[in-house]
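> Pasting a structure below so you can have a look.
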Amino acid sequence: MPDLLIRNASVILTMDDARSELANADILISDGVIAAIEADLPAENADVFDATGAIITPGLVNTHHHLYQTLTRAVPGAQDALLFGWLQRLYPIWARFGPEEMFVSAQIGLAELALSGCTLTSDHLYLFPNGARLDDTIAAAAEVGLRFHATRGAMSIGESDGGLPPDSLVEAERAILGDCIRVIDAFHDPRPGAMTRVGVAPCSPFSVSRDLMRDAAILARDKGVMLHTHLAENDEDIAYSLEKFGCRPGQYAEDLGWVGDDVWHAHCVKLNGQEIDLFARTQTGVAHCPCSNCRLGSGIAPLRQMRDAGVSVGLGVDGSASNDMGNLMAEARQAMLLQRVANGADAMSAREALEIATRGGAAVLGRDDCGQIAVGKRADIAVWDARAVENAGSWDPAALVLAGPAKVRDLFVEGHQVVADGRMQTIDLDKVINRQNALAARLAE
């Protein structure tokens, strides 16, 4: 592909090591990599993209999602439930999914993320009814064009064994580990610039056995892939851990090998000071999901304390059945506001929130090649309209999470344009929306 020159941006918020903010600068992209950043770069043989009047940031990074849940937004009976009741309402619906539901819901969720400025996302798929496979969501990501970290989740303890999920949604543990090996061998790309990576992700301590948690960690490290699960999400989660395991979630994770720089846990709303220190010491990552935590009444995660202790934290939209939307810029704003509610108006700045949404998330996912605009990094770039109504009157264009659009104008992943003038370029979104709505109507019958 020819080089691309993004010319004359009003402001580039690089999120580089110096946190540089550049006015009226250009970005040259070659072979999916940022080759130069400075004013008045020569176009030579490059295609030119005019960014006049735009604010540019690194593409946002989403560290936790359940893409399949875009088919079950705002389900009656689950709208006002706490986590465990919410799950029990939705499990029977999810049990009716198959490959088509997984593929289409992933396309919708990925497009929604792209339109909010996201270029790199993880996904936690932990149920595989009626022939569904992780392959279905990986195929959807390839069509949409986002950088994708698919995690092979699992549930192995059903209701008959004292677990939460119905028996129809659990799998034999030997089969789970075997399929983890299959998808890693088939899809995981460890190289810099990878568009697809695969992780191992048992759903949660209350839906799999201790043996599976331990074996999953051994398998992941043997294969050189990352580990992901839910942890310490709410008070029910803590009570379950104390009753069933005789310890808090942090101790449970440490005992089973689930700490380290190759591990990230979703939520962590109820971590205590000792657990925060454990995560900081072991470089264990956290996916902070503020909107979902609010929606389910789980509480306010100790994000300020985690950041101050040195814990690596990124943002996650979580599933659309517990958030009802997948807008990563909205998550950045919510994260900032919740920390101010909990700790005061000076607890988190707009720039720090944006940093967590970009290079913070990239660090959690082990991607030092993404999350910032710097020479040698991947060309994952979000272009925001500084002339949008949300910016009108703003004195600080860098304060996007305070006064700025929640939808991106243009989006580039690996130098390829995925969104142009606010519209998806890689898929026929109207057609996919119609297909999604038809599937949702069928499930609701």
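The way I read the labels, and the way they are meant: chains A, B, ... in the order of the structure tokens, residue 1 as the first residue of every chain, and ligand 1 as the first ligand shown, with later ones counted on from there.
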Within range 2-142 of chain A, find each residue whose DSSP state, derived from the backbone, is helix (DSSP H, G or I), and express the selection as a short mmCIF file (atom, residue, chain, number, x, y, z; two decimals) with C-alpha atoms, in the first residue's frame.


```cif
data_model
loop_
_atom_site.label_atom_id
_atom_site.label_comp_id
_atom_site.auth_asym_id
_atom_site.auth_seq_id
_atom_site.Cartn_x
_atom_site.Cartn_y
_atom_site.Cartn_z
CA LEU A 67 -19.21 -8.98 22.10
CA TYR A 68 -21.97 -11.58 21.89
CA GLN A 69 -24.01 -9.59 24.40
CA THR A 70 -24.88 -6.89 21.85
CA LEU A 71 -27.83 -9.19 21.02
CA THR A 72 -29.21 -8.89 24.55
CA LEU A 83 -24.65 -9.52 38.92
CA PHE A 84 -25.73 -13.03 39.92
CA GLY A 85 -29.44 -12.40 39.23
CA TRP A 86 -28.55 -10.70 35.97
CA LEU A 87 -26.60 -13.77 34.87
CA GLN A 88 -29.39 -16.17 35.82
CA ARG A 89 -31.87 -14.15 33.72
CA LEU A 90 -29.62 -14.11 30.64
CA TYR A 91 -28.03 -17.57 30.63
CA PRO A 92 -31.14 -19.27 29.13
CA ILE A 93 -31.22 -16.72 26.30
CA TRP A 94 -27.52 -17.09 25.52
CA PRO A 99 -22.45 -19.35 15.08
CA GLU A 100 -24.57 -16.74 13.29
CA GLU A 101 -25.47 -14.96 16.53
CA MET A 102 -21.83 -14.90 17.59
CA PHE A 103 -20.62 -13.55 14.24
CA VAL A 104 -23.25 -10.84 13.78
CA SER A 105 -23.18 -9.64 17.39
CA ALA A 106 -19.39 -9.36 17.17
CA GLN A 107 -19.64 -7.29 13.99
CA ILE A 108 -22.05 -4.91 15.69
CA GLY A 109 -19.97 -4.64 18.85
CA LEU A 110 -16.76 -4.07 16.93
CA ALA A 111 -18.33 -1.43 14.69
CA GLU A 112 -19.69 0.36 17.74
CA LEU A 113 -16.22 0.36 19.28
CA ALA A 114 -14.65 1.63 16.06
CA LEU A 115 -17.08 4.53 15.91
CA PRO A 129 -23.65 -23.23 22.45
CA ASN A 130 -24.97 -24.96 19.34
CA GLY A 131 -21.69 -25.19 17.45
CA LEU A 134 -14.11 -18.55 18.92
CA ASP A 135 -13.46 -18.65 15.18
CA ASP A 136 -16.79 -16.84 14.63
CA THR A 137 -15.71 -13.68 16.45
CA ILE A 138 -12.21 -13.76 14.96
CA ALA A 139 -13.77 -13.83 11.49
CA ALA A 140 -15.98 -10.85 12.39
CA ALA A 141 -12.97 -8.83 13.58
CA ALA A 142 -11.11 -9.57 10.36
#
```

> Which residues, written as JSON, numbers by chain, have at least one atom at most 10 Å from Asp235 in chain A, with only C-alpha atoms counted and residues fewer than 5 positions away on the same chain left out?

{"A": [83, 240, 241, 269, 270, 298, 299]}

> Considering only C-alpha atoms, state which residue in the set A:Asn24, A:Ser116, A:Ser292, A:Asn62 is at the smallest distance from Gly422 in chain A.

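The answer is A:Ser116, which sits nearest to Gly422 in chain A.
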
> Using CA of Asn434 in chain A and CA of Ala321 in chain A as the two end points, give the distance in Å to one decimal.

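Value for the CA of Asn434 in chain A-CA of Ala321 in chain A distance: 18.9 Å.
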
> Please report the interatomic distance between CA of Gly153 in chain A and CA of His124 in chain A in Å with one decimal.

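Separating CA of Gly153 in chain A from CA of His124 in chain A is a distance of 6.1 Å.
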
> Taking only C-alpha atoms into account, which of A:Ala420, A:Ala216, A:Val11, A:Ala363 comes nearest Ala287 in chain A?

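For Ala287 in chain A, the nearest of the candidates is A:Ala363.
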
> Rounded to one decimal, what separation in Å do you get between CA of His267 in chain A and CA of Met329 in chain A?

17.7 Å

> At a cut-off of 12 Å, using only C-alpha atoms, what residues contact His228 in chain A? Leave out same-chain residues fewer than 2 positions from it and give the result as a PyMOL selection string.

chain A and resi 63-65+122-126+149-154+198-205+213+216-217+220+225-226+230-231+253+257-267+284-287+364-365

> Take the residues from that selection and write them out as a compact mmCIF listing (two decimals), in the first residue's frame, keeping C-alpha atoms.


```
# COMPACT_ATOMS: atom_id res chain seq x y z
CA THR A 63 -9.41 -4.37 27.53
CA HIS A 64 -12.67 -6.18 28.35
CA HIS A 65 -15.77 -7.01 26.33
CA SER A 122 -10.03 -7.79 23.56
CA ASP A 123 -13.07 -10.05 23.77
CA HIS A 124 -13.97 -12.58 26.45
CA LEU A 125 -16.12 -15.33 24.93
CA TYR A 126 -16.85 -18.01 27.50
CA HIS A 149 -7.30 -10.03 21.17
CA ALA A 150 -9.73 -12.95 21.34
CA THR A 151 -9.77 -14.90 24.59
CA ARG A 152 -11.02 -18.49 24.76
CA GLY A 153 -13.20 -18.44 27.85
CA ALA A 154 -14.96 -21.35 29.51
CA VAL A 198 -5.46 -15.28 21.48
CA GLY A 199 -5.60 -15.59 25.26
CA VAL A 200 -6.87 -18.18 27.75
CA ALA A 201 -9.75 -16.97 29.90
CA PRO A 202 -11.82 -19.22 32.21
CA CYS A 203 -14.91 -17.16 32.94
CA SER A 204 -14.71 -16.64 36.69
CA PRO A 205 -13.90 -18.34 40.00
CA MET A 213 -7.81 -22.27 36.68
CA ALA A 216 -5.24 -22.86 32.21
CA ALA A 217 -2.36 -20.86 33.67
CA ALA A 220 -1.08 -20.29 28.68
CA VAL A 225 -0.18 -16.27 25.63
CA MET A 226 -1.94 -14.08 28.18
CA HIS A 230 -13.24 -11.76 36.11
CA LEU A 231 -12.20 -11.02 39.69
CA ALA A 253 -5.53 -15.73 42.15
CA GLY A 257 -0.70 -18.73 39.36
CA TRP A 258 -3.01 -15.95 38.21
CA VAL A 259 -0.74 -12.98 38.85
CA GLY A 260 2.03 -11.62 36.65
CA ASP A 261 2.58 -9.33 33.69
CA ASP A 262 0.89 -11.91 31.44
CA VAL A 263 -2.39 -11.70 33.43
CA TRP A 264 -5.16 -9.14 33.50
CA HIS A 265 -8.36 -9.30 35.55
CA ALA A 266 -11.65 -7.61 34.74
CA HIS A 267 -13.39 -5.26 37.20
CA THR A 284 -0.82 -7.86 37.12
CA GLY A 285 -3.16 -5.81 34.94
CA VAL A 286 -6.73 -4.62 35.52
CA ALA A 287 -9.54 -3.92 33.05
CA VAL A 364 -2.45 -4.18 29.99
CA LEU A 365 -2.71 -6.22 26.76
```

> Pick the closest to Arg221 in chain A from A:Met306, A:Ile184, A:Leu22, A:Leu443: which is it, counting only C-alpha atoms?

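Of all the options, A:Ile184 lies closest to Arg221 in chain A.
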
> Identify which of the residues A:Asp179, A:Asp189, A:Asp50, A:Asp215 lies closest to Asp410 in chain A, counting only C-alpha atoms when measuring atom-to-atom distances.

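Checking each candidate against Asp410 in chain A, we get A:Asp50 as the closest.
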
> DSSP on the backbone: which residues in range 32-248 of chain A end up as strand (DSSP E or B)? Give the answer as number ranges by chain.

A: 33-38, 47-50, 54-58, 60-62, 118-125, 147-154, 196-202, 227-231

> Taking only C-alpha atoms into account, which of A:Leu127, A:Leu169, A:Leu400, A:Ile300 comes nearest Ala342 in chain A?

A:Ile300

> My list of candidates is A:Ile433, A:Cys294, A:Val383, A:Leu337. Which is closest to Ala81 in chain A when distances are computed with only C-alpha atoms?

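Among A:Ile433, A:Cys294, A:Val383, A:Leu337, it is A:Cys294 that comes nearest to Ala81 in chain A.
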
> Give me the residues within 8 Å of Asp31 in chain A as a PDB file with N, CA, C and O atoms, in the first residue's frame, counting only C-alpha atoms and dropping any in the same chain fewer than 3 places off.


```
ATOM      1  N   MET A   1       0.851  -1.189   0.000  1.00  0.00           N
ATOM      2  CA  MET A   1       0.000   0.000   0.000  1.00  0.00           C
ATOM      3  C   MET A   1       0.891   1.245   0.000  1.00  0.00           C
ATOM      4  O   MET A   1       1.995   1.228   0.548  1.00  0.00           O
ATOM      5  N   PRO A   2       0.420   2.349  -0.602  1.00  0.00           N
ATOM      6  CA  PRO A   2       1.230   3.573  -0.611  1.00  0.00           C
ATOM      7  C   PRO A   2       1.321   4.176   0.778  1.00  0.00           C
ATOM      8  O   PRO A   2       0.498   3.897   1.656  1.00  0.00           O
ATOM      9  N   ASP A   3       2.338   5.020   0.984  1.00  0.00           N
ATOM     10  CA  ASP A   3       2.445   5.745   2.247  1.00  0.00           C
ATOM     11  C   ASP A   3       1.233   6.662   2.407  1.00  0.00           C
ATOM     12  O   ASP A   3       0.575   7.048   1.425  1.00  0.00           O
ATOM     13  N   GLU A 414      -3.610   0.163  11.584  1.00  0.00           N
ATOM     14  CA  GLU A 414      -2.496  -0.320  10.762  1.00  0.00           C
ATOM     15  C   GLU A 414      -2.398   0.484   9.461  1.00  0.00           C
ATOM     16  O   GLU A 414      -1.988   0.004   8.398  1.00  0.00           O
ATOM     17  N   GLY A 415      -2.798   1.771   9.545  1.00  0.00           N
ATOM     18  CA  GLY A 415      -2.758   2.658   8.397  1.00  0.00           C
ATOM     19  C   GLY A 415      -3.922   2.540   7.442  1.00  0.00           C
ATOM     20  O   GLY A 415      -4.023   3.323   6.491  1.00  0.00           O
TER      21      GLY A 415
END
```

> Just the residues within 7 Å of Gln339 in chain A, please, counting only C-alpha atoms, with nothing from its chain fewer than 5 positions along; format it as a ChimeraX atom specification.

/A:304,347-348

> Excluding same-chain residues fewer than 4 positions from Ile55 in chain A, what lies within 8 Å of it counting only C-alpha atoms, as a PyMOL selection string?

chain A and resi 9-13+383-386+397-398
